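Next up, model.txt (compact mmCIF, C-alpha atoms):
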# COMPACT_ATOMS: atom_id res chain seq x y z
CA MET A 1 13.04 -32.74 5.57
CA LEU A 2 13.79 -29.75 3.40
CA THR A 3 17.40 -29.66 4.48
CA ALA A 4 17.97 -32.98 2.77
CA LEU A 5 17.11 -31.51 -0.59
CA LYS A 6 19.57 -30.04 -3.06
CA PRO A 7 19.85 -26.25 -2.67
CA ALA A 8 17.90 -25.39 -5.82
CA ASN A 9 15.04 -27.58 -4.68
CA ARG A 10 14.15 -25.54 -1.62
CA PRO A 11 11.46 -22.87 -1.76
CA ASP A 12 13.58 -20.45 0.26
CA ASN A 13 16.33 -20.76 -2.35
CA PHE A 14 13.83 -19.96 -5.05
CA HIS A 15 12.76 -16.92 -3.04
CA ALA A 16 16.37 -15.86 -2.54
CA LEU A 17 17.09 -16.24 -6.24
CA LEU A 18 13.92 -14.34 -7.03
CA SER A 19 15.01 -11.46 -4.81
CA GLY A 20 18.43 -11.33 -6.40
CA ARG A 21 17.70 -12.07 -10.03
CA GLY A 22 14.02 -11.25 -10.43
CA VAL A 23 14.77 -7.74 -11.66
CA ARG A 24 17.05 -9.11 -14.39
CA TRP A 25 14.46 -11.61 -15.61
CA TYR A 26 11.75 -8.98 -15.47
CA ASN A 27 13.75 -6.46 -17.47
CA ALA A 28 14.75 -9.06 -20.04
CA CYS A 29 11.08 -9.91 -20.55
CA LEU A 30 10.16 -6.24 -20.58
CA ARG A 31 12.56 -5.69 -23.47
CA ILE A 32 10.75 -8.42 -25.38
CA THR A 33 7.16 -7.56 -24.52
CA ARG A 34 7.24 -3.81 -23.79
CA ASP A 35 4.29 -4.65 -21.55
CA ALA A 36 4.80 -4.74 -17.80
CA ASP A 37 1.97 -7.20 -17.17
CA LEU A 38 3.14 -9.62 -19.82
CA ALA A 39 6.70 -9.40 -18.50
CA ALA A 40 5.51 -10.19 -14.98
CA ASP A 41 3.40 -13.08 -16.26
CA ALA A 42 6.34 -14.46 -18.25
CA VAL A 43 8.62 -14.48 -15.21
CA GLN A 44 5.94 -16.11 -13.10
CA GLU A 45 5.40 -18.79 -15.70
CA ALA A 46 9.13 -19.49 -15.82
CA LEU A 47 9.35 -19.66 -12.03
CA LEU A 48 6.57 -22.19 -11.84
CA LYS A 49 8.04 -24.29 -14.62
CA ALA A 50 11.37 -24.18 -12.83
CA TRP A 51 9.70 -25.25 -9.60
CA ASP A 52 8.10 -28.20 -11.38
CA ARG A 53 11.50 -29.27 -12.69
CA ARG A 54 13.55 -28.32 -9.61
CA GLU A 55 15.05 -31.78 -9.28
CA GLU A 56 16.97 -31.26 -12.51
CA PHE A 57 19.03 -28.27 -11.40
CA ARG A 58 22.46 -28.59 -9.90
CA GLY A 59 22.73 -25.14 -8.40
CA ASP A 60 21.55 -21.58 -8.37
CA SER A 61 23.50 -20.48 -11.44
CA GLU A 62 22.00 -23.24 -13.54
CA LEU A 63 18.57 -22.42 -12.21
CA ASP A 64 19.07 -18.72 -12.90
CA THR A 65 20.10 -19.36 -16.49
CA TRP A 66 17.23 -21.74 -17.04
CA ILE A 67 14.60 -19.40 -15.60
CA HIS A 68 16.00 -16.50 -17.62
CA ARG A 69 15.72 -18.44 -20.85
CA ILE A 70 12.29 -19.90 -20.12
CA ALA A 71 11.02 -16.47 -19.11
CA LEU A 72 12.15 -15.05 -22.45
CA ASN A 73 10.44 -17.86 -24.32
CA ALA A 74 7.32 -17.33 -22.23
CA ALA A 75 7.47 -13.62 -23.03
CA ILE A 76 7.68 -14.37 -26.75
CA ASP A 77 4.81 -16.80 -26.46
CA LEU A 78 2.69 -14.32 -24.53
CA MET A 79 3.45 -11.67 -27.15
CA ARG A 80 2.25 -14.04 -29.83
CA ARG A 81 -1.02 -14.50 -27.98
CA ARG A 82 -1.35 -11.00 -26.60
CA ARG A 83 -4.13 -8.60 -27.26
CA PRO A 84 -3.26 -6.42 -30.30
CA GLN A 85 -3.39 -3.10 -28.48
CA ALA A 86 -0.73 -4.21 -26.01
CA GLN A 87 2.06 -3.50 -28.45
CA ASP A 88 4.21 -0.54 -27.56
CA GLU A 89 2.13 0.39 -24.54
CA LEU A 90 5.12 1.36 -22.46
CA ASP A 91 5.46 4.97 -21.60
CA PRO A 92 9.12 6.05 -21.88
CA ASP A 93 8.64 8.32 -18.86
CA ARG A 94 7.77 5.30 -16.75
CA LEU A 95 10.73 3.32 -17.94
CA VAL A 96 13.60 5.68 -17.34
CA ALA A 97 15.99 4.29 -14.78
CA ALA A 98 16.69 5.66 -11.34
CA PRO A 99 18.45 9.05 -11.43
CA ALA A 100 22.22 9.14 -11.69
CA ALA A 101 24.31 10.69 -8.94
CA SER A 102 24.72 14.20 -10.38
CA PRO A 103 22.04 16.43 -11.91
CA HIS A 104 23.88 16.31 -15.23
CA GLY A 105 24.20 12.56 -15.03
CA GLU A 106 20.53 12.37 -14.25
CA TYR A 107 19.69 14.52 -17.27
CA VAL A 108 21.88 12.48 -19.60
CA GLN A 109 20.56 9.21 -18.29
CA GLN A 110 16.96 10.32 -18.56
CA ALA A 111 17.48 11.66 -22.07
CA LEU A 112 19.36 8.57 -23.13
CA GLY A 113 16.72 6.31 -21.68
CA LYS A 114 13.87 8.09 -23.38
CA HIS A 115 15.60 8.18 -26.75
CA LEU A 116 16.56 4.54 -26.59
CA ILE A 117 13.07 3.51 -25.62
CA ALA A 118 11.68 5.61 -28.44
CA ALA A 119 14.17 4.08 -30.87
CA MET A 120 13.17 0.60 -29.78
CA GLN A 121 9.53 1.55 -30.19
CA ARG A 122 10.08 2.20 -33.86
CA LEU A 123 11.12 -1.39 -34.42
CA THR A 124 8.54 -4.00 -35.27
CA ALA A 125 7.97 -6.68 -32.65
CA MET A 126 9.98 -9.18 -34.64
CA GLU A 127 12.86 -6.74 -35.21
CA ARG A 128 12.96 -5.77 -31.55
CA GLN A 129 12.78 -9.34 -30.29
CA THR A 130 15.44 -10.46 -32.73
CA PHE A 131 17.78 -7.63 -31.79
CA VAL A 132 17.31 -8.16 -28.06
CA LEU A 133 17.70 -11.93 -28.27
CA LYS A 134 20.78 -11.65 -30.46
CA HIS A 135 22.64 -8.62 -29.20
CA VAL A 136 21.62 -8.58 -25.55
CA GLU A 137 20.89 -12.22 -24.80
CA GLY A 138 23.39 -13.78 -27.21
CA TRP A 139 21.08 -16.40 -28.66
CA ARG A 140 22.04 -18.18 -31.87
CA LEU A 141 20.16 -17.16 -35.00
CA GLU A 142 18.74 -20.67 -35.24
CA GLU A 143 17.52 -20.52 -31.65
CA ILE A 144 15.81 -17.21 -32.27
CA ALA A 145 14.24 -18.57 -35.44
CA GLU A 146 12.90 -21.56 -33.56
CA SER A 147 11.51 -19.43 -30.78
CA LEU A 148 9.91 -16.93 -33.16
CA GLN A 149 8.67 -19.75 -35.36
CA THR A 150 10.39 -18.66 -38.54
CA ASN A 151 13.63 -19.44 -40.36
CA ALA A 152 17.15 -18.21 -39.73
CA ASN A 153 17.24 -16.14 -42.90
CA ASN A 154 14.16 -14.18 -41.83
CA ILE A 155 15.79 -13.62 -38.47
CA LYS A 156 18.96 -12.38 -40.13
CA GLN A 157 17.00 -9.90 -42.21
CA ALA A 158 15.00 -8.75 -39.18
CA LEU A 159 18.27 -8.23 -37.30
CA PHE A 160 19.76 -6.17 -40.12
CA ARG A 161 16.63 -4.01 -40.36
CA ALA A 162 16.64 -3.47 -36.60
CA VAL A 163 20.30 -2.47 -36.63
CA ARG A 164 19.80 0.02 -39.46
CA LYS A 165 16.82 1.64 -37.76
CA LEU A 166 18.57 1.87 -34.42
CA ARG A 167 21.69 3.37 -35.96
CA VAL A 168 19.66 6.00 -37.79
CA ASP A 169 17.86 6.93 -34.58
CA LEU A 170 21.08 7.10 -32.63
CA HIS A 171 22.68 9.31 -35.31
CA VAL A 172 19.71 11.67 -35.22
CA TRP A 173 19.65 11.80 -31.46
CA ARG A 174 23.36 12.47 -31.18
CA GLY A 175 23.29 15.02 -34.00
CA GLU A 176 25.73 12.96 -36.00
CA SER A 177 25.84 13.24 -39.76
CA MET B 1 33.80 -4.65 -49.82
CA ILE B 2 32.61 -6.01 -46.50
CA SER B 3 29.16 -4.82 -45.45
CA ASP B 4 28.17 -3.82 -41.95
CA ASP B 5 25.77 -6.76 -41.95
CA ASP B 6 28.62 -9.19 -42.54
CA LEU B 7 30.77 -7.41 -39.97
CA LEU B 8 28.03 -7.80 -37.45
CA LEU B 9 27.59 -11.49 -38.16
CA TYR B 10 31.34 -11.88 -37.81
CA TYR B 11 31.17 -10.16 -34.44
CA TYR B 12 28.35 -12.46 -33.36
CA ARG B 13 30.25 -15.50 -34.69
CA ASP B 14 26.97 -16.63 -36.16
CA GLY B 15 25.36 -16.80 -39.57
CA LEU B 16 28.55 -16.90 -41.68
CA ASP B 17 30.20 -19.95 -43.16
CA ALA B 18 33.83 -20.75 -42.40
CA ALA B 19 35.15 -19.24 -45.63
CA GLU B 20 33.35 -15.93 -45.02
CA ARG B 21 34.55 -15.81 -41.44
CA ALA B 22 38.13 -16.39 -42.57
CA ARG B 23 37.88 -13.70 -45.25
CA ILE B 24 36.52 -11.10 -42.83
CA GLY B 25 38.98 -12.09 -40.15
CA THR B 26 41.88 -11.57 -42.51
CA ALA B 27 40.51 -8.23 -43.68
CA LEU B 28 40.09 -7.02 -40.10
CA ALA B 29 43.66 -7.95 -39.30
CA GLU B 30 44.96 -6.10 -42.33
CA GLN B 31 42.73 -3.02 -42.31
CA PRO B 32 42.67 -0.95 -39.11
CA ALA B 33 39.89 1.22 -40.58
CA LEU B 34 37.67 -1.83 -40.98
CA ALA B 35 38.38 -2.90 -37.42
CA GLN B 36 37.49 0.60 -36.28
CA ARG B 37 34.26 0.44 -38.24
CA LEU B 38 33.32 -2.79 -36.52
CA HIS B 39 34.22 -1.31 -33.14
CA ARG B 40 32.02 1.72 -33.83
CA LEU B 41 29.14 -0.42 -34.99
CA VAL B 42 29.22 -2.60 -31.91
CA ALA B 43 29.49 0.43 -29.63
CA GLN B 44 26.42 1.95 -31.24
CA LEU B 45 24.45 -1.23 -30.81
CA ASP B 46 25.60 -1.58 -27.21
CA THR B 47 24.28 1.91 -26.58
CA ALA B 48 20.98 1.08 -28.27
CA ALA B 49 20.67 -2.04 -26.15
CA GLU B 50 21.28 -0.17 -22.91
CA MET B 51 17.71 0.03 -21.76
CA PRO B 52 17.46 1.54 -18.30
CA GLU B 53 16.70 -1.09 -15.72
CA VAL B 54 13.20 -0.91 -14.33
CA PRO B 55 12.64 -2.05 -10.74
CA VAL B 56 10.18 -4.85 -10.21
CA PRO B 57 6.99 -3.37 -8.75
CA PRO B 58 6.44 -4.64 -5.19
CA HIS B 59 3.05 -6.14 -6.03
CA VAL B 60 4.63 -8.14 -8.86
CA GLN B 61 7.37 -9.42 -6.56
CA GLN B 62 4.71 -10.42 -4.06
CA ARG B 63 2.68 -12.17 -6.74
CA TRP B 64 5.71 -14.22 -7.80
CA GLN B 65 6.44 -15.16 -4.20
CA ALA B 66 2.83 -16.11 -3.59
CA ALA B 67 2.82 -18.25 -6.74
CA LEU B 68 5.96 -20.02 -5.58
CA ASP B 69 4.47 -20.56 -2.14
CA ARG B 70 1.40 -22.11 -3.66
CA ALA B 71 3.50 -24.30 -5.90
CA ALA B 72 5.55 -25.39 -2.90
CA GLN B 73 2.34 -26.18 -1.01
CA THR B 74 1.19 -28.52 -3.70
CA ASN B 75 4.64 -30.11 -3.55
CA GLY B 76 5.19 -29.65 -7.23
CA LYS B 77 2.34 -31.95 -8.14
CA SER B 78 0.35 -29.28 -9.90
CA ALA B 79 2.33 -26.09 -9.86
CA GLY B 80 0.33 -24.95 -12.84
CA LEU B 81 -2.60 -24.44 -10.49
CA ALA B 82 -0.76 -21.50 -9.07
CA LYS B 83 -0.67 -19.67 -12.36
CA ARG B 84 -2.87 -16.64 -12.39
CA ALA B 85 -4.59 -17.75 -15.56
CA ASN B 86 -5.54 -21.04 -13.99
CA VAL B 87 -6.76 -19.74 -10.68
CA ARG B 88 -10.30 -19.72 -12.06
CA SER B 89 -10.20 -23.48 -12.37
CA LEU B 90 -9.99 -23.67 -8.59
CA THR B 91 -13.48 -22.22 -8.26
CA ILE B 92 -15.11 -25.60 -7.73
CA LEU B 93 -12.63 -26.54 -5.01
CA ARG B 94 -12.62 -23.18 -3.34
CA TRP B 95 -15.15 -23.64 -0.59
CA PRO B 96 -14.32 -27.20 0.31
CA LEU B 97 -10.73 -25.99 0.56
CA ALA B 98 -11.76 -22.96 2.59
CA ALA B 99 -13.89 -25.07 4.87
CA ALA B 100 -11.04 -27.50 5.41
CA ALA B 101 -8.61 -24.67 6.05
CA VAL B 102 -11.00 -23.02 8.50
CA LEU B 103 -11.54 -26.29 10.30
CA ILE B 104 -7.81 -26.92 10.64
CA LEU B 105 -7.20 -23.37 11.76
CA ALA B 106 -10.03 -23.57 14.27
CA VAL B 107 -8.63 -26.80 15.69
CA LEU B 108 -5.15 -25.31 15.90
CA VAL B 109 -6.36 -22.16 17.58
CA SER B 110 -8.60 -24.11 19.89
CA GLU B 111 -5.66 -26.26 20.93
CA ARG B 112 -3.49 -23.23 21.52
CA THR B 113 -6.07 -21.37 23.54
CA SER B 114 -6.84 -24.41 25.68
CA GLN B 115 -3.14 -24.74 26.39
CA LEU B 116 -2.93 -21.09 27.33
CA SER B 117 -5.86 -21.43 29.71
CA THR B 118 -3.95 -23.83 31.95
CA PRO B 119 -1.92 -21.65 34.36
CA GLU B 120 1.00 -24.00 34.87
CA GLN B 121 1.41 -24.44 31.13
CA THR B 122 1.19 -20.79 30.21
CA ALA B 123 4.75 -19.93 31.14
CA GLU B 124 6.12 -22.79 29.06
CA VAL B 125 3.89 -22.67 26.02
CA ALA B 126 3.10 -19.03 25.48
CA PRO B 127 5.97 -16.56 25.63
CA PRO B 128 5.01 -12.88 25.31
CA ALA B 129 5.85 -12.78 21.59
CA GLY B 130 3.50 -15.67 21.02
CA SER B 131 0.55 -13.92 22.60
CA ALA B 132 1.29 -10.73 20.67
CA TYR B 133 1.29 -12.81 17.53
CA GLU B 134 -1.97 -14.41 18.53
CA ARG B 135 -3.56 -11.00 19.15
CA GLY B 136 -2.23 -9.90 15.81
CA LEU B 137 -3.81 -12.89 14.16
CA ARG B 138 -7.16 -12.01 15.70
CA TRP B 139 -6.79 -8.46 14.45
CA HIS B 140 -5.89 -9.71 10.99
CA LEU B 141 -8.98 -11.88 10.81
CA ALA B 142 -11.20 -9.02 11.98
CA SER B 143 -9.72 -6.52 9.54
CA THR B 144 -9.98 -9.07 6.75
CA GLU B 145 -13.65 -9.47 7.49
CA GLN B 146 -14.12 -5.70 7.38
CA ARG B 147 -12.26 -5.40 4.10
CA LEU B 148 -14.27 -8.22 2.58
CA ALA B 149 -17.45 -6.44 3.63
CA SER B 150 -16.35 -3.33 1.78
CA LEU B 151 -15.47 -5.19 -1.42
CA ASP B 152 -19.01 -5.24 -2.67
CA SER B 153 -19.27 -1.46 -2.83
CA ALA B 154 -15.70 -0.87 -3.98
CA GLN B 155 -14.77 0.26 -7.47
CA PRO B 156 -12.87 -2.36 -9.51
CA GLU B 157 -9.44 -0.82 -8.89
CA GLU B 158 -10.11 -0.34 -5.19
CA ARG B 159 -11.45 -3.86 -4.99
CA VAL B 160 -8.26 -5.30 -6.45
CA ARG B 161 -6.20 -3.14 -4.10
CA LEU B 162 -8.17 -4.31 -1.06
CA ILE B 163 -7.79 -7.95 -2.03
CA GLU B 164 -4.08 -7.48 -2.63
CA THR B 165 -3.80 -5.89 0.82
CA ILE B 166 -5.54 -8.85 2.40
CA ILE B 167 -3.33 -11.28 0.51
CA GLU B 168 -0.21 -9.40 1.54
CA GLN B 169 -1.24 -9.32 5.20
CA ASN B 170 -2.14 -12.97 5.01
CA ARG B 171 1.35 -13.63 3.66
CA MET B 172 2.90 -11.67 6.54
CA TYR B 173 0.95 -13.63 9.13
CA ALA B 174 1.93 -16.86 7.43
CA LEU B 175 5.56 -15.76 7.71
CA ALA B 176 4.96 -14.84 11.35
CA ALA B 177 3.49 -18.29 11.89
CA ASP B 178 6.64 -19.77 10.33
CA ARG B 179 8.77 -17.72 12.71
CA ALA B 180 6.61 -18.77 15.63
CA ASN B 181 7.34 -22.36 14.64
CA GLU B 182 3.74 -22.98 13.65
CA PRO B 183 4.09 -24.54 10.20
CA GLN B 184 0.56 -25.92 10.21
CA LEU B 185 -0.95 -22.54 10.88
CA ALA B 186 1.28 -21.00 8.22
CA ARG B 187 0.11 -23.54 5.70
CA VAL B 188 -3.52 -22.89 6.54
CA LEU B 189 -3.08 -19.15 6.15
CA ARG B 190 -1.37 -19.63 2.82
CA ALA B 191 -4.19 -21.87 1.67
CA PHE B 192 -6.42 -18.79 1.67
CA THR B 193 -4.27 -16.93 -0.84
CA PRO B 194 -5.46 -18.66 -4.03
CA ILE B 195 -9.04 -18.32 -2.82
CA LEU B 196 -8.59 -14.61 -2.29
CA GLN B 197 -6.81 -14.24 -5.61
CA SER B 198 -9.68 -15.89 -7.39
CA LEU B 199 -11.91 -13.06 -6.16
CA THR B 200 -9.94 -10.61 -8.27
CA ASP B 201 -10.39 -12.70 -11.36
CA GLU B 202 -14.12 -13.12 -11.28
CA ARG B 203 -17.10 -11.03 -12.17
CA ARG B 204 -18.45 -9.03 -9.26
CA ASP B 205 -21.86 -10.69 -9.14
CA ALA B 206 -20.31 -14.14 -9.30
CA SER B 207 -18.04 -13.47 -6.33
CA ALA B 208 -20.56 -11.69 -4.08
CA SER B 209 -21.79 -14.91 -2.52
CA ASP B 210 -18.20 -16.10 -2.16
CA ILE B 211 -17.29 -12.98 -0.24
CA ALA B 212 -20.27 -13.47 2.04
CA GLN B 213 -19.25 -17.06 2.64
CA LEU B 214 -15.65 -16.11 3.32
CA SER B 215 -16.81 -13.44 5.76
CA PHE B 216 -18.86 -16.05 7.55
CA GLU B 217 -15.88 -18.37 7.81
CA LEU B 218 -13.77 -15.53 9.19
CA ARG B 219 -16.37 -14.82 11.84
CA VAL B 220 -16.32 -18.48 12.83
CA MET B 221 -12.56 -18.34 13.20
CA GLN B 222 -12.76 -15.16 15.24
CA ALA B 223 -15.34 -16.68 17.54
CA ARG B 224 -12.97 -19.53 18.21
CA LEU B 225 -10.09 -17.18 18.80
CA LYS B 226 -12.11 -15.12 21.22
CA ALA B 227 -12.80 -18.12 23.37
CA GLU B 228 -10.27 -16.97 25.98
CA THR B 229 -10.51 -13.21 25.68
CA ASP B 230 -12.72 -10.64 23.99
CA THR B 231 -10.10 -7.93 23.75
CA LYS B 232 -9.00 -6.85 20.32
CA PRO B 233 -5.84 -4.69 20.32
CA PRO B 234 -5.24 -2.04 17.70
CA ALA B 235 -3.05 -2.79 14.72
CA GLN B 236 0.03 -1.02 16.10
CA HIS B 237 0.34 -3.62 18.86
CA ILE B 238 1.01 -6.39 16.43
CA ALA B 239 4.48 -7.82 16.58
CA LEU B 240 5.43 -9.42 13.30
Represent the structure contained in this file as structure tokens.
Amino acid sequence: MLTALKPANRPDNFHALLSGRGVRWYNACLRITRDADLAADAVQEALLKAWDRREEFRGDSELDTWIHRIALNAAIDLMRRRRPQAQDELDPDRLVAAPAASPHGEYVQQALGKHLIAAMQRLTAMERQTFVLKHVEGWRLEEIAESLQTNANNIKQALFRAVRKLRVDLHVWRGES
Amino acid sequence: MISDDDLLLYYYRDGLDAAERARIGTALAEQPALAQRLHRLVAQLDTAAEMPEVPVPPHVQQRWQAALDRAAQTNGKSAGLAKRANVRSLTILRWPLAAAAVLILAVLVSERTSQLSTPEQTAEVAPPAGSAYERGLRWHLASTEQRLASLDSAQPEERVRLIETIIEQNRMYALAADRANEPQLARVLRAFTPILQSLTDERRDASASDIAQLSFELRVMQARLKAETDTKPPAQHIAL
């Protein structure tokens, strides 16, 4: 019976997509929440919503895009409802990526990762979410405003503040004047 | 003078009206230094956005898969039930569900063992892999019972770990049942997952009686499984 369904409708296709794209969704949510549990919950929520609406998808790429977006919205929503102490819980040491091939590459990558995480930590939740949604995810200012329940002008200002803070941190880290 | 803020909005093609976009576009075409400034700005922000990718922890991946399996079981009618936050709402249905699952499993196992007991049917119905799988299932049920017995005295973290182990093994045996072309048995095994998950969400005193009841149900299942043989092979003999 399952074989008669469209590809995106089958549980094994969801599992396959999860194996391939789960890490991307998880990391996108992690950038928003900075909380591993909330990120995991956001992805799970998106997966279940996608499963409920599986008849609407025409293929894996559409499903992937949809889950990614819903997961981000779920992450924002969870952040809004989160416990206060959850903010900025992430330990930069836990978040540094897998080592690069050479010892030097490993050092640079580790240092870069830690500094970038620290720089992101200095942003407010709204600044960080706005920057990630705009610069990384490519959302429209209006879309971000709707998701963060504010107006586009506030989002613009949050984006500008985030950019200034990040640039200052990057200058300091790189020893630039 | 064009600010970095305006340059950035131009780069994003968002937040500027048509006249502003045209003005900045013209300036960029005419002033290489301005274009270089924009290039530098974007490069800096790309660097800032380059968060190292974190692998998904295995237990998280398993939780997502289990949630999808549960949603698939309910055929999309109430996928929300599978959400962790809503697992508590299953409390009322837990034991009727468990009892039904146990009954179905017992019937399935009983049917299988009665088939195996007929010599002329054994060669057709039960290939060696099937019997290894069946022994493995018996071992799984026994070890689950033991783990449940130790939950009461376990510290909270250990308790969660034990339950996660049981859930993971249950998932593996459900997959094995799928591979053995036993979809009914796989479904029954998967039906236990939300029940087990609910144990991690509840207060210890509230779940003590549930654990005892689940242990009892497991013993019933084992008794059925042992109808043909009393041997219980060690874990390393399991072929999954």
Query raised in the report: Rounded to one decimal in Å, what is the spacing between CA of Asn170 in chain B and CA of Leu189 in chain B?
Result: 6.4 Å
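Of the listed residues B:Glu50, B:Glu157, B:Ile2, B:Ile166, the one whose atoms come nearest to Ala33 in chain B is B:Ile2, with distances taken using all atoms listed in the file.
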Counting all atoms listed in the file, which residues of chain A fall within 9 Å of chain B, and what is the closest atom pair for each with its distance in Å at one decimal, ordered by chain and rising number, as a Markdown table?
| residue | atom | partner | partner_atom | distance |
| --- | --- | --- | --- | --- |
| A:Arg10 | CA | B:Ala72 | CA | 8.7 |
| A:Pro11 | CA | B:Ala72 | CA | 6.5 |
| A:Phe14 | CA | B:Leu68 | CA | 7.9 |
| A:His15 | CA | B:Gln65 | CA | 6.7 |
| A:Leu18 | CA | B:Gln65 | CA | 8.0 |
| A:Ser19 | CA | B:Gln61 | CA | 8.1 |
| A:Gly22 | CA | B:Val56 | CA | 7.5 |
| A:Val23 | CA | B:Val56 | CA | 5.6 |
| A:Arg24 | CA | B:Glu53 | CA | 8.1 |
| A:Tyr26 | CA | B:Val56 | CA | 6.9 |
| A:Asn27 | CA | B:Glu53 | CA | 6.4 |
| A:Leu30 | CA | B:Val54 | CA | 8.8 |
| A:Arg31 | CA | B:Met51 | CA | 7.9 |
| A:Asp37 | CA | B:Val60 | CA | 8.8 |
| A:Ala40 | CA | B:Val60 | CA | 6.5 |
| A:Asp41 | CA | B:Arg84 | CA | 8.2 |
| A:Val43 | CA | B:Trp64 | CA | 8.0 |
| A:Gln44 | CA | B:Trp64 | CA | 5.6 |
| A:Glu45 | CA | B:Lys83 | CA | 7.0 |
| A:Leu47 | CA | B:Leu68 | CA | 7.3 |
| A:Leu48 | CA | B:Ala79 | CA | 6.1 |
| A:Lys49 | CA | B:Ala79 | CA | 7.6 |
| A:Trp51 | CA | B:Gly76 | CA | 6.7 |
| A:Asp52 | CA | B:Gly76 | CA | 5.3 |
| A:Arg53 | CA | B:Gly76 | CA | 8.4 |
| A:Arg54 | CA | B:Gly76 | CA | 8.8 |
| A:Arg94 | CA | B:Val54 | CA | 8.6 |
| A:Leu95 | CA | B:Val54 | CA | 6.1 |
| A:Val96 | CA | B:Pro52 | CA | 5.7 |
| A:Ala97 | CA | B:Pro52 | CA | 4.7 |
| A:Ala98 | CA | B:Val54 | CA | 8.0 |
| A:Gln109 | CA | B:Pro52 | CA | 8.3 |
| A:Gln110 | CA | B:Pro52 | CA | 8.8 |
| A:Leu112 | CA | B:Pro52 | CA | 8.7 |
| A:Gly113 | CA | B:Pro52 | CA | 5.9 |
| A:Leu116 | CA | B:Ala48 | CA | 5.9 |
| A:Ile117 | CA | B:Met51 | CA | 7.0 |
| A:Ala119 | CA | B:Ala48 | CA | 7.9 |
| A:Met120 | CA | B:Ala48 | CA | 8.0 |
| A:Phe131 | CA | B:Ala49 | CA | 8.5 |
| A:Val132 | CA | B:Ala49 | CA | 7.2 |
| A:Lys134 | CA | B:Tyr12 | CA | 8.1 |
| A:His135 | CA | B:Ala49 | CA | 7.5 |
| A:Val136 | CA | B:Ala49 | CA | 6.6 |
| A:Gly138 | CA | B:Tyr12 | CA | 8.0 |
| A:Arg140 | CA | B:Asp14 | CA | 6.7 |
| A:Leu141 | CA | B:Asp14 | CA | 6.9 |
| A:Glu142 | CA | B:Gly15 | CA | 8.8 |
| A:Ala152 | CA | B:Gly15 | CA | 8.3 |
| A:Asn153 | CA | B:Gly15 | CA | 8.8 |
| A:Lys156 | CA | B:Gly15 | CA | 7.8 |
| A:Leu159 | CA | B:Asp5 | CA | 8.9 |
| A:Phe160 | CA | B:Asp5 | CA | 6.3 |
| A:Val163 | CA | B:Leu45 | CA | 7.3 |
| A:Leu166 | CA | B:Ala48 | CA | 6.7 |
| A:Arg167 | CA | B:Gln44 | CA | 6.8 |
| A:Leu170 | CA | B:Ala48 | CA | 7.4 |
Tell me, as an mmCIF file with C-alpha atoms, in the frame of the given file, which residues lie within 9 Å of Ala75 in chain A, counting only C-alpha atoms; anything in the same chain fewer than 4 positions away does not count.
data_model
loop_
_atom_site.group_PDB
_atom_site.id
_atom_site.type_symbol
_atom_site.label_atom_id
_atom_site.label_comp_id
_atom_site.auth_asym_id
_atom_site.auth_seq_id
_atom_site.Cartn_x
_atom_site.Cartn_y
_atom_site.Cartn_z
ATOM 1 C CA CYS A 29 11.080 -9.910 -20.550
ATOM 2 C CA LEU A 30 10.160 -6.240 -20.580
ATOM 3 C CA ILE A 32 10.750 -8.420 -25.380
ATOM 4 C CA THR A 33 7.160 -7.560 -24.520
ATOM 5 C CA LEU A 38 3.140 -9.620 -19.820
ATOM 6 C CA ALA A 39 6.700 -9.400 -18.500
ATOM 7 C CA ALA A 40 5.510 -10.190 -14.980
ATOM 8 C CA ASP A 41 3.400 -13.080 -16.260
ATOM 9 C CA ALA A 42 6.340 -14.460 -18.250
ATOM 10 C CA VAL A 43 8.620 -14.480 -15.210
ATOM 11 C CA ILE A 70 12.290 -19.900 -20.120
ATOM 12 C CA ALA A 71 11.020 -16.470 -19.110
ATOM 13 C CA MET A 79 3.450 -11.670 -27.150
ATOM 14 C CA ARG A 80 2.250 -14.040 -29.830
#
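Computed from the coordinates, the CA of Leu199 in chain B to CA of Gln62 in chain B distance equals 17.0 Å.
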Can you list, as a CSV table (one decimal) with C-alpha atoms, in the frame of the given file, every protein, DNA or RNA residue that comes within 12 Å of Arg147 in chain B when you count all atoms listed in the file, leaving out same-chain residues fewer than 3 positions away?
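The result, written out as selection-v9.csv:
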chain,number,residue,atom,x,y,z
B,140,HIS,CA,-5.9,-9.7,11.0
B,141,LEU,CA,-9.0,-11.9,10.8
B,142,ALA,CA,-11.2,-9.0,12.0
B,143,SER,CA,-9.7,-6.5,9.5
B,144,THR,CA,-10.0,-9.1,6.8
B,150,SER,CA,-16.4,-3.3,1.8
B,151,LEU,CA,-15.5,-5.2,-1.4
B,152,ASP,CA,-19.0,-5.2,-2.7
B,153,SER,CA,-19.3,-1.5,-2.8
B,154,ALA,CA,-15.7,-0.9,-4.0
B,158,GLU,CA,-10.1,-0.3,-5.2
B,159,ARG,CA,-11.4,-3.9,-5.0
B,160,VAL,CA,-8.3,-5.3,-6.4
B,161,ARG,CA,-6.2,-3.1,-4.1
B,162,LEU,CA,-8.2,-4.3,-1.1
B,163,ILE,CA,-7.8,-8.0,-2.0
B,164,GLU,CA,-4.1,-7.5,-2.6
B,165,THR,CA,-3.8,-5.9,0.8
B,166,ILE,CA,-5.5,-8.8,2.4
B,167,ILE,CA,-3.3,-11.3,0.5
B,169,GLN,CA,-1.2,-9.3,5.2
B,196,LEU,CA,-8.6,-14.6,-2.3
B,211,ILE,CA,-17.3,-13.0,-0.2
B,212,ALA,CA,-20.3,-13.5,2.0
B,214,LEU,CA,-15.6,-16.1,3.3
B,215,SER,CA,-16.8,-13.4,5.8
B,218,LEU,CA,-13.8,-15.5,9.2
